[in-house]
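Novice: Once you've had a glance at the structure underneath, I'll fire off some questions.
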Amino acid sequence: MLTYLRRSAAQLVFVLLGIALINFFLLHLAPGDAAQVLAGESGAATPEYMEALRRQFGLDQPLYIQFLRYLGNLATFDLGYSFRQSLPVSELILQRLPATLLLMGTAIGFALVAGCSLGFLAARRAGKLTDTVISIVALLFYATPVFWVGIMLIVVFSVILDWLPVGGMTSVEANLGGLALVGDVALHLVLPAVTLGLFYLAIYARLMRAAMLEVYGQDFVRTARAKGVRLRRIAWRHVLRNALLPIVTTLGVQLGSILGGAVLVETVFSWPGLGRLAFSALFQRDLNLLLGILFCSSVVVVLVNIAVDLVYTLLDPRIELG
Amino acid sequence: MSDPVLAVDGLSIAFQTRRGPLPAVRDLSFSVGRGEMLAIVGESGCGKSLTALALLGLVPPPGRVTGGTVRLEGRDLLALDEAALRHVRGARISMIFQEPMTALNPVLTVGEQIMEAILEHEPVSRKAARERTLALLERVRIPDPARRFAEYPHRMSGGMRQRVMIAMALAGAPAVLVADEPTTALDVTIQAQILSLIDELRREQGTAVVFITHDLGVVSRYVDRVLVMYAGRKVEERDTRDLFADPFHPYTKGLIAAQPRGLAARPQAGPGPAGVARERLTEIPGTVPALAAMPPGCAFAPRCPLADDRCVRTVPPPRPAGSGLVACHHAGESHAI
């Protein structure tokens, strides 16, 4: 266990170095820099003014110097300064990170619990009406674009039924505190989390059903039946635990894409998270901020993947760390 | 034999296909008494494993039992519903399987899996079940039971796992143990250990054993009676000693002759690779007919040296012969070959 964590930490350093490298050069491939955007926004600028801006931002240095400087800053947990927002990048990210983690966590939790339950149910009733209905619904969720689902949910639940808020994370009017604030955020969270989660729910439902049916065909299920174990217990104890293994694997792989999906959902629901911050940073050529966000999300994904590995060993005794 | 523990009468199993039912086991009858060991022998695909599963009501779809009765201690299992059947499985009749590698759940410890067989049938505490499980592990001669109890199957060898399977099957002290090729996947030395373990347990506990195998030689030392199946039918059933001394059915003769160092193996001279004379095994020519292309008469007729018109036209009915039954038109007259 300890050896594993130590090795993962060592790997983490290299992974992060690679991520920093790729992110940095990828973003510098895009034409234009912050100075150009700033100049463009102010309507007109002299070459001298642009030159001064670039010198001020360190943009006049050769690329590798900029990169080395960036790495040096990373090593001291300094993510740089956003010249567009006039705030340190780390501060901007820390403001937004909790909202995104909350949204992602809720969406994944919802997708996992609901998706696995539906898949479990479908597998136990394989070939019957319940199974057909679940499979069709899952296929629908799977095929529908996330932003469209989001807009439709807003139209139905916020506009027509007026049950849930249209967007944002808290109600603007009230200055709430304590439990009321939690309730208010939870209410705002429902639609974006469901929107983001539905697609993954469909994936987990389909995956769970397939995995369960595959496990049902295995010899040890026959053994369990031969010793007179109840069908219900076979499903929960023998089949489910084995069927969870591919789910956990998929979860680890998909975390990155869930973070990507969050950008879209945050935009639709004006959720004050990292996704929207990244989106605006991209259009404003705010490279420091963008790099910081990409780097932080990479760290989150890598860390969660280590956690997934640990969960995996808990579920499957055949897999050993070290 | 006084009151058999298990009596199978007219058992028929068919695969349900789009073109109608495809019979895989036809009109099979046999019975086993307390403490008796019966071997069901036949080539792959003769319906012996399907028969074994039918004894526990576990025939997998598209297979289905289409007729007959399976009486366990007087009760017809085929007439029971799933809930009632569950109480019988693992308690009164249990089964061990061919592949000890895949027959155990990889994510549960062997102790939990054996305990489950007790807890699902009896209202005992987990502690009591654990004690009994440890005793069972000891019983099947697994060293250091307390440590093995908490181990997962992948940590154990094939022979060990088969012992665990046996412990699991014996957990409810069943009246009948069905063993479906339990030694096929094991090394020869381990095979002998497992066989003598099963033999010892049935002697001590009086468990009736139905031993399914394709290998006559393996079981000849242990079983009381042998039932030979061919293409879904019983072709001969005799006391072991009689069968080996004087097989009636041409298929049985072929099987015995095909045994290496078998009782009736007929050595034929043949040059080995280095010019050394080697013993050549006799084989039965041809293959088992496919289920969909079963001949109208005796299924063995196409491969049989004695086959005549009658064999091709009509299925030979089983008739008494020596200590048992044989289903061959030529039985009795066939002693010449």
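Going through the structure tokens in order, the chains are called A, B, and so on, while each chain numbers its residues from 1 and the ligands are numbered from 1 in the order shown.
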Based on only C-alpha atoms, which of the residues in chain B come within 7 Å of chain A? I want them as a list of chain:residue names.
Specialist: B:Leu56, B:Arg86, B:His87, B:Arg89, B:Gly90, B:Ser94, B:Met95, B:Thr102, B:Ala103, B:Leu104, B:Asn105, B:Val107, B:Ala117, B:Glu120, B:His154, B:Ala169
Novice: How would the residues just chosen look if you wrote them out with C-alpha atoms as a PDB file, in the first residue's frame?
Specialist:
ATOM      1  CA  LEU B  56     -30.664 -30.365  -9.349  1.00  0.00           C
ATOM      2  CA  ARG B  86     -33.724 -24.069  -3.609  1.00  0.00           C
ATOM      3  CA  HIS B  87     -34.256 -25.648  -0.202  1.00  0.00           C
ATOM      4  CA  ARG B  89     -30.202 -27.895  -3.475  1.00  0.00           C
ATOM      5  CA  GLY B  90     -27.165 -27.784  -1.280  1.00  0.00           C
ATOM      6  CA  SER B  94     -25.406 -31.031  -4.024  1.00  0.00           C
ATOM      7  CA  MET B  95     -22.981 -30.864  -6.876  1.00  0.00           C
ATOM      8  CA  THR B 102     -14.021 -20.880 -12.391  1.00  0.00           C
ATOM      9  CA  ALA B 103     -16.564 -22.555 -10.127  1.00  0.00           C
ATOM     10  CA  LEU B 104     -15.648 -20.376  -7.142  1.00  0.00           C
ATOM     11  CA  ASN B 105     -16.475 -16.691  -6.892  1.00  0.00           C
ATOM     12  CA  VAL B 107     -14.242 -11.852  -4.975  1.00  0.00           C
ATOM     13  CA  ALA B 117     -24.056 -23.039   1.915  1.00  0.00           C
ATOM     14  CA  GLU B 120     -28.782 -20.349   3.382  1.00  0.00           C
ATOM     15  CA  HIS B 154      -7.033 -17.349  -6.751  1.00  0.00           C
ATOM     16  CA  ALA B 169     -21.072 -29.575  -1.305  1.00  0.00           C
TER      17      ALA B 169
END
Novice: Tell me which protein, DNA and RNA residues are within 9 Å of region 59-72 of chain A, counting only C-alpha atoms, leaving out same-chain ones fewer than 6 positions away, and put them as a PyMOL selection string.
Specialist: chain A and resi 17+20-21+24-25+28+33-35+51+53+78-80
Novice: Could the residues in this selection be written to a file with C-alpha atoms, as a PDB file, in the first residue's frame?
Specialist:
ATOM      1  CA  LEU A  17       5.457  17.604 -16.045  1.00  0.00           C
ATOM      2  CA  ALA A  20       2.469  21.162 -18.231  1.00  0.00           C
ATOM      3  CA  LEU A  21       4.621  20.717 -21.320  1.00  0.00           C
ATOM      4  CA  PHE A  24       1.943  25.127 -22.596  1.00  0.00           C
ATOM      5  CA  PHE A  25       3.037  24.491 -26.164  1.00  0.00           C
ATOM      6  CA  HIS A  28       1.132  28.796 -27.776  1.00  0.00           C
ATOM      7  CA  ASP A  33      -1.586  36.646 -27.539  1.00  0.00           C
ATOM      8  CA  ALA A  34      -3.046  38.597 -24.672  1.00  0.00           C
ATOM      9  CA  ALA A  35      -1.392  41.812 -25.884  1.00  0.00           C
ATOM     10  CA  GLU A  51       5.757  46.140 -27.175  1.00  0.00           C
ATOM     11  CA  LEU A  53       2.507  45.270 -22.899  1.00  0.00           C
ATOM     12  CA  ASP A  78       2.554  29.869  -8.136  1.00  0.00           C
ATOM     13  CA  LEU A  79       0.165  29.651 -11.063  1.00  0.00           C
ATOM     14  CA  GLY A  80       0.873  33.189 -12.223  1.00  0.00           C
TER      15      GLY A  80
END
Novice: Identify, on the basis of only C-alpha atoms, every residue whose closest approach to Val194 (chain A) does not exceed 8 Å; exclude the query and any residue fewer than 3 positions from it along the same chain; express the result as a list in words.
Specialist: Ala107, Phe110, Val190, Leu191, Gly197 and Leu198 of chain A
Novice: DSSP on the backbone, then: every residue of region 182-327 of chain B marked helix (DSSP H, G or I), written as a PDB file with N, CA and C atoms, in the first residue's frame.
Specialist:
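Output contents, as saved in result.pdb:
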ATOM      1  N   VAL B 188      -2.816 -35.751 -12.618  1.00  0.00           N
ATOM      2  CA  VAL B 188      -3.129 -37.149 -12.337  1.00  0.00           C
ATOM      3  C   VAL B 188      -2.992 -37.483 -10.849  1.00  0.00           C
ATOM      4  N   THR B 189      -1.936 -36.998 -10.216  1.00  0.00           N
ATOM      5  CA  THR B 189      -1.740 -37.337  -8.800  1.00  0.00           C
ATOM      6  C   THR B 189      -2.844 -36.725  -7.942  1.00  0.00           C
ATOM      7  N   ILE B 190      -3.238 -35.500  -8.302  1.00  0.00           N
ATOM      8  CA  ILE B 190      -4.302 -34.827  -7.548  1.00  0.00           C
ATOM      9  C   ILE B 190      -5.630 -35.544  -7.794  1.00  0.00           C
ATOM     10  N   GLN B 191      -5.823 -36.015  -9.030  1.00  0.00           N
ATOM     11  CA  GLN B 191      -7.038 -36.763  -9.375  1.00  0.00           C
ATOM     12  C   GLN B 191      -7.269 -37.885  -8.384  1.00  0.00           C
ATOM     13  N   ALA B 192      -6.218 -38.675  -8.161  1.00  0.00           N
ATOM     14  CA  ALA B 192      -6.342 -39.828  -7.272  1.00  0.00           C
ATOM     15  C   ALA B 192      -6.708 -39.385  -5.862  1.00  0.00           C
ATOM     16  N   GLN B 193      -6.087 -38.271  -5.404  1.00  0.00           N
ATOM     17  CA  GLN B 193      -6.389 -37.782  -4.051  1.00  0.00           C
ATOM     18  C   GLN B 193      -7.846 -37.375  -3.922  1.00  0.00           C
ATOM     19  N   ILE B 194      -8.340 -36.659  -4.933  1.00  0.00           N
ATOM     20  CA  ILE B 194      -9.718 -36.181  -4.875  1.00  0.00           C
ATOM     21  C   ILE B 194     -10.686 -37.360  -4.920  1.00  0.00           C
ATOM     22  N   LEU B 195     -10.377 -38.313  -5.806  1.00  0.00           N
ATOM     23  CA  LEU B 195     -11.238 -39.497  -5.915  1.00  0.00           C
ATOM     24  C   LEU B 195     -11.309 -40.254  -4.600  1.00  0.00           C
ATOM     25  N   SER B 196     -10.149 -40.464  -3.968  1.00  0.00           N
ATOM     26  CA  SER B 196     -10.201 -41.251  -2.733  1.00  0.00           C
ATOM     27  C   SER B 196     -10.861 -40.450  -1.619  1.00  0.00           C
ATOM     28  N   LEU B 197     -10.759 -39.103  -1.698  1.00  0.00           N
ATOM     29  CA  LEU B 197     -11.454 -38.274  -0.712  1.00  0.00           C
ATOM     30  C   LEU B 197     -12.971 -38.454  -0.849  1.00  0.00           C
ATOM     31  N   ILE B 198     -13.461 -38.376  -2.092  1.00  0.00           N
ATOM     32  CA  ILE B 198     -14.898 -38.551  -2.320  1.00  0.00           C
ATOM     33  C   ILE B 198     -15.338 -39.939  -1.855  1.00  0.00           C
ATOM     34  N   ASP B 199     -14.519 -40.937  -2.183  1.00  0.00           N
ATOM     35  CA  ASP B 199     -14.831 -42.316  -1.822  1.00  0.00           C
ATOM     36  C   ASP B 199     -14.916 -42.463  -0.300  1.00  0.00           C
ATOM     37  N   GLU B 200     -13.953 -41.873   0.374  1.00  0.00           N
ATOM     38  CA  GLU B 200     -13.897 -41.962   1.832  1.00  0.00           C
ATOM     39  C   GLU B 200     -15.121 -41.289   2.472  1.00  0.00           C
ATOM     40  N   LEU B 201     -15.480 -40.111   1.944  1.00  0.00           N
ATOM     41  CA  LEU B 201     -16.591 -39.375   2.521  1.00  0.00           C
ATOM     42  C   LEU B 201     -17.912 -40.116   2.339  1.00  0.00           C
ATOM     43  N   ARG B 202     -18.081 -40.743   1.175  1.00  0.00           N
ATOM     44  CA  ARG B 202     -19.351 -41.440   0.982  1.00  0.00           C
ATOM     45  C   ARG B 202     -19.411 -42.676   1.866  1.00  0.00           C
ATOM     46  N   ARG B 203     -18.272 -43.300   2.124  1.00  0.00           N
ATOM     47  CA  ARG B 203     -18.271 -44.448   3.026  1.00  0.00           C
ATOM     48  C   ARG B 203     -18.611 -44.017   4.443  1.00  0.00           C
ATOM     49  N   GLU B 204     -18.029 -42.883   4.869  1.00  0.00           N
ATOM     50  CA  GLU B 204     -18.255 -42.436   6.242  1.00  0.00           C
ATOM     51  C   GLU B 204     -19.647 -41.867   6.459  1.00  0.00           C
ATOM     52  N   GLN B 205     -20.135 -41.101   5.463  1.00  0.00           N
ATOM     53  CA  GLN B 205     -21.405 -40.405   5.672  1.00  0.00           C
ATOM     54  C   GLN B 205     -22.581 -41.085   4.996  1.00  0.00           C
ATOM     55  N   LEU B 216     -13.399 -44.005 -18.127  1.00  0.00           N
ATOM     56  CA  LEU B 216     -13.731 -45.243 -17.418  1.00  0.00           C
ATOM     57  C   LEU B 216     -12.644 -45.644 -16.437  1.00  0.00           C
ATOM     58  N   GLY B 217     -11.397 -45.517 -16.881  1.00  0.00           N
ATOM     59  CA  GLY B 217     -10.279 -45.970 -16.074  1.00  0.00           C
ATOM     60  C   GLY B 217     -10.213 -45.280 -14.731  1.00  0.00           C
ATOM     61  N   VAL B 218     -10.516 -43.976 -14.713  1.00  0.00           N
ATOM     62  CA  VAL B 218     -10.392 -43.196 -13.490  1.00  0.00           C
ATOM     63  C   VAL B 218     -11.301 -43.732 -12.388  1.00  0.00           C
ATOM     64  N   VAL B 219     -12.504 -44.128 -12.777  1.00  0.00           N
ATOM     65  CA  VAL B 219     -13.471 -44.473 -11.744  1.00  0.00           C
ATOM     66  C   VAL B 219     -13.544 -45.960 -11.421  1.00  0.00           C
ATOM     67  N   THR B 240     -19.694 -52.754 -11.635  1.00  0.00           N
ATOM     68  CA  THR B 240     -18.405 -52.398 -12.232  1.00  0.00           C
ATOM     69  C   THR B 240     -17.577 -53.625 -12.624  1.00  0.00           C
ATOM     70  N   ARG B 241     -17.499 -54.561 -11.698  1.00  0.00           N
ATOM     71  CA  ARG B 241     -16.660 -55.735 -11.937  1.00  0.00           C
ATOM     72  C   ARG B 241     -17.124 -56.494 -13.187  1.00  0.00           C
ATOM     73  N   ASP B 242     -18.456 -56.727 -13.256  1.00  0.00           N
ATOM     74  CA  ASP B 242     -19.017 -57.457 -14.401  1.00  0.00           C
ATOM     75  C   ASP B 242     -18.751 -56.717 -15.700  1.00  0.00           C
ATOM     76  N   LEU B 243     -18.964 -55.411 -15.626  1.00  0.00           N
ATOM     77  CA  LEU B 243     -18.833 -54.614 -16.846  1.00  0.00           C
ATOM     78  C   LEU B 243     -17.424 -54.740 -17.421  1.00  0.00           C
ATOM     79  N   PHE B 244     -16.437 -54.622 -16.549  1.00  0.00           N
ATOM     80  CA  PHE B 244     -15.067 -54.693 -17.063  1.00  0.00           C
ATOM     81  C   PHE B 244     -14.695 -56.106 -17.486  1.00  0.00           C
ATOM     82  N   ALA B 245     -15.245 -57.098 -16.763  1.00  0.00           N
ATOM     83  CA  ALA B 245     -14.916 -58.481 -17.091  1.00  0.00           C
ATOM     84  C   ALA B 245     -15.565 -58.905 -18.405  1.00  0.00           C
ATOM     85  N   PRO B 250     -21.411 -53.226 -27.701  1.00  0.00           N
ATOM     86  CA  PRO B 250     -20.201 -52.981 -28.505  1.00  0.00           C
ATOM     87  C   PRO B 250     -19.552 -51.632 -28.187  1.00  0.00           C
ATOM     88  N   TYR B 251     -20.378 -50.644 -27.800  1.00  0.00           N
ATOM     89  CA  TYR B 251     -19.811 -49.336 -27.455  1.00  0.00           C
ATOM     90  C   TYR B 251     -18.994 -49.440 -26.167  1.00  0.00           C
ATOM     91  N   THR B 252     -19.534 -50.160 -25.180  1.00  0.00           N
ATOM     92  CA  THR B 252     -18.800 -50.352 -23.924  1.00  0.00           C
ATOM     93  C   THR B 252     -17.483 -51.066 -24.187  1.00  0.00           C
ATOM     94  N   LYS B 253     -17.542 -52.077 -25.027  1.00  0.00           N
ATOM     95  CA  LYS B 253     -16.313 -52.800 -25.387  1.00  0.00           C
ATOM     96  C   LYS B 253     -15.293 -51.836 -25.975  1.00  0.00           C
ATOM     97  N   GLY B 254     -15.791 -50.975 -26.861  1.00  0.00           N
ATOM     98  CA  GLY B 254     -14.901 -50.005 -27.491  1.00  0.00           C
ATOM     99  C   GLY B 254     -14.281 -49.080 -26.456  1.00  0.00           C
ATOM    100  N   LEU B 255     -15.105 -48.610 -25.514  1.00  0.00           N
ATOM    101  CA  LEU B 255     -14.612 -47.702 -24.474  1.00  0.00           C
ATOM    102  C   LEU B 255     -13.528 -48.371 -23.641  1.00  0.00           C
ATOM    103  N   ILE B 256     -13.778 -49.611 -23.266  1.00  0.00           N
ATOM    104  CA  ILE B 256     -12.807 -50.314 -22.427  1.00  0.00           C
ATOM    105  C   ILE B 256     -11.519 -50.566 -23.207  1.00  0.00           C
ATOM    106  N   ALA B 257     -11.683 -50.903 -24.465  1.00  0.00           N
ATOM    107  CA  ALA B 257     -10.495 -51.160 -25.282  1.00  0.00           C
ATOM    108  C   ALA B 257      -9.688 -49.885 -25.495  1.00  0.00           C
ATOM    109  N   LEU B 291     -27.018 -34.108 -32.711  1.00  0.00           N
ATOM    110  CA  LEU B 291     -28.377 -34.203 -32.171  1.00  0.00           C
ATOM    111  C   LEU B 291     -29.428 -34.091 -33.269  1.00  0.00           C
ATOM    112  N   ALA B 292     -29.146 -33.229 -34.246  1.00  0.00           N
ATOM    113  CA  ALA B 292     -30.139 -32.973 -35.282  1.00  0.00           C
ATOM    114  C   ALA B 292     -30.159 -34.089 -36.330  1.00  0.00           C
ATOM    115  N   ALA B 293     -29.129 -34.945 -36.307  1.00  0.00           N
ATOM    116  CA  ALA B 293     -29.051 -35.988 -37.343  1.00  0.00           C
ATOM    117  C   ALA B 293     -29.012 -37.374 -36.711  1.00  0.00           C
ATOM    118  N   ALA B 301     -25.273 -47.629 -34.338  1.00  0.00           N
ATOM    119  CA  ALA B 301     -25.206 -48.474 -35.536  1.00  0.00           C
ATOM    120  C   ALA B 301     -24.175 -48.014 -36.575  1.00  0.00           C
ATOM    121  N   PRO B 302     -24.091 -46.700 -36.875  1.00  0.00           N
ATOM    122  CA  PRO B 302     -23.127 -46.286 -37.910  1.00  0.00           C
ATOM    123  C   PRO B 302     -21.676 -46.591 -37.551  1.00  0.00           C
ATOM    124  N   ARG B 303     -21.388 -46.783 -36.266  1.00  0.00           N
ATOM    125  CA  ARG B 303     -20.005 -47.033 -35.853  1.00  0.00           C
ATOM    126  C   ARG B 303     -19.804 -48.484 -35.405  1.00  0.00           C
ATOM    127  N   ASP B 309     -29.551 -54.714 -40.450  1.00  0.00           N
ATOM    128  CA  ASP B 309     -30.796 -54.035 -40.800  1.00  0.00           C
ATOM    129  C   ASP B 309     -31.629 -53.624 -39.592  1.00  0.00           C
ATOM    130  N   ARG B 310     -31.749 -54.562 -38.668  1.00  0.00           N
ATOM    131  CA  ARG B 310     -32.571 -54.332 -37.499  1.00  0.00           C
ATOM    132  C   ARG B 310     -32.046 -53.133 -36.700  1.00  0.00           C
ATOM    133  N   CYS B 311     -30.723 -53.061 -36.556  1.00  0.00           N
ATOM    134  CA  CYS B 311     -30.108 -51.968 -35.793  1.00  0.00           C
ATOM    135  C   CYS B 311     -30.396 -50.627 -36.447  1.00  0.00           C
ATOM    136  N   VAL B 312     -30.384 -50.592 -37.770  1.00  0.00           N
ATOM    137  CA  VAL B 312     -30.599 -49.340 -38.480  1.00  0.00           C
ATOM    138  C   VAL B 312     -32.064 -48.907 -38.366  1.00  0.00           C
ATOM    139  N   ARG B 313     -32.971 -49.903 -38.300  1.00  0.00           N
ATOM    140  CA  ARG B 313     -34.403 -49.582 -38.287  1.00  0.00           C
ATOM    141  C   ARG B 313     -34.960 -49.251 -36.905  1.00  0.00           C
TER     142      ARG B 313
END
Novice: Please provide as a PDB file with C-alpha atoms, in the first residue's frame all residues within 10 Å of Arg148 (chain B), with the sequence filter that same-chain residues fewer than 6 positions apart are discarded (counting only C-alpha atoms).
Specialist:
ATOM      1  CA  THR B 109     -13.176 -15.750   0.462  1.00  0.00           C
ATOM      2  CA  VAL B 110     -13.509 -19.527   0.362  1.00  0.00           C
ATOM      3  CA  GLY B 111     -14.706 -19.460   3.967  1.00  0.00           C
ATOM      4  CA  LEU B 134     -13.475 -24.842   9.678  1.00  0.00           C
ATOM      5  CA  LEU B 137     -12.055 -27.622   5.627  1.00  0.00           C
ATOM      6  CA  ILE B 142      -6.997 -28.563   3.744  1.00  0.00           C
ATOM      7  CA  ARG B 155      -4.505 -18.080  -4.007  1.00  0.00           C
ATOM      8  CA  MET B 156      -5.227 -21.795  -4.155  1.00  0.00           C
ATOM      9  CA  MET B 160      -7.201 -27.193  -3.213  1.00  0.00           C
ATOM     10  CA  VAL B 164     -13.137 -26.414  -1.184  1.00  0.00           C
TER      11      VAL B 164
END
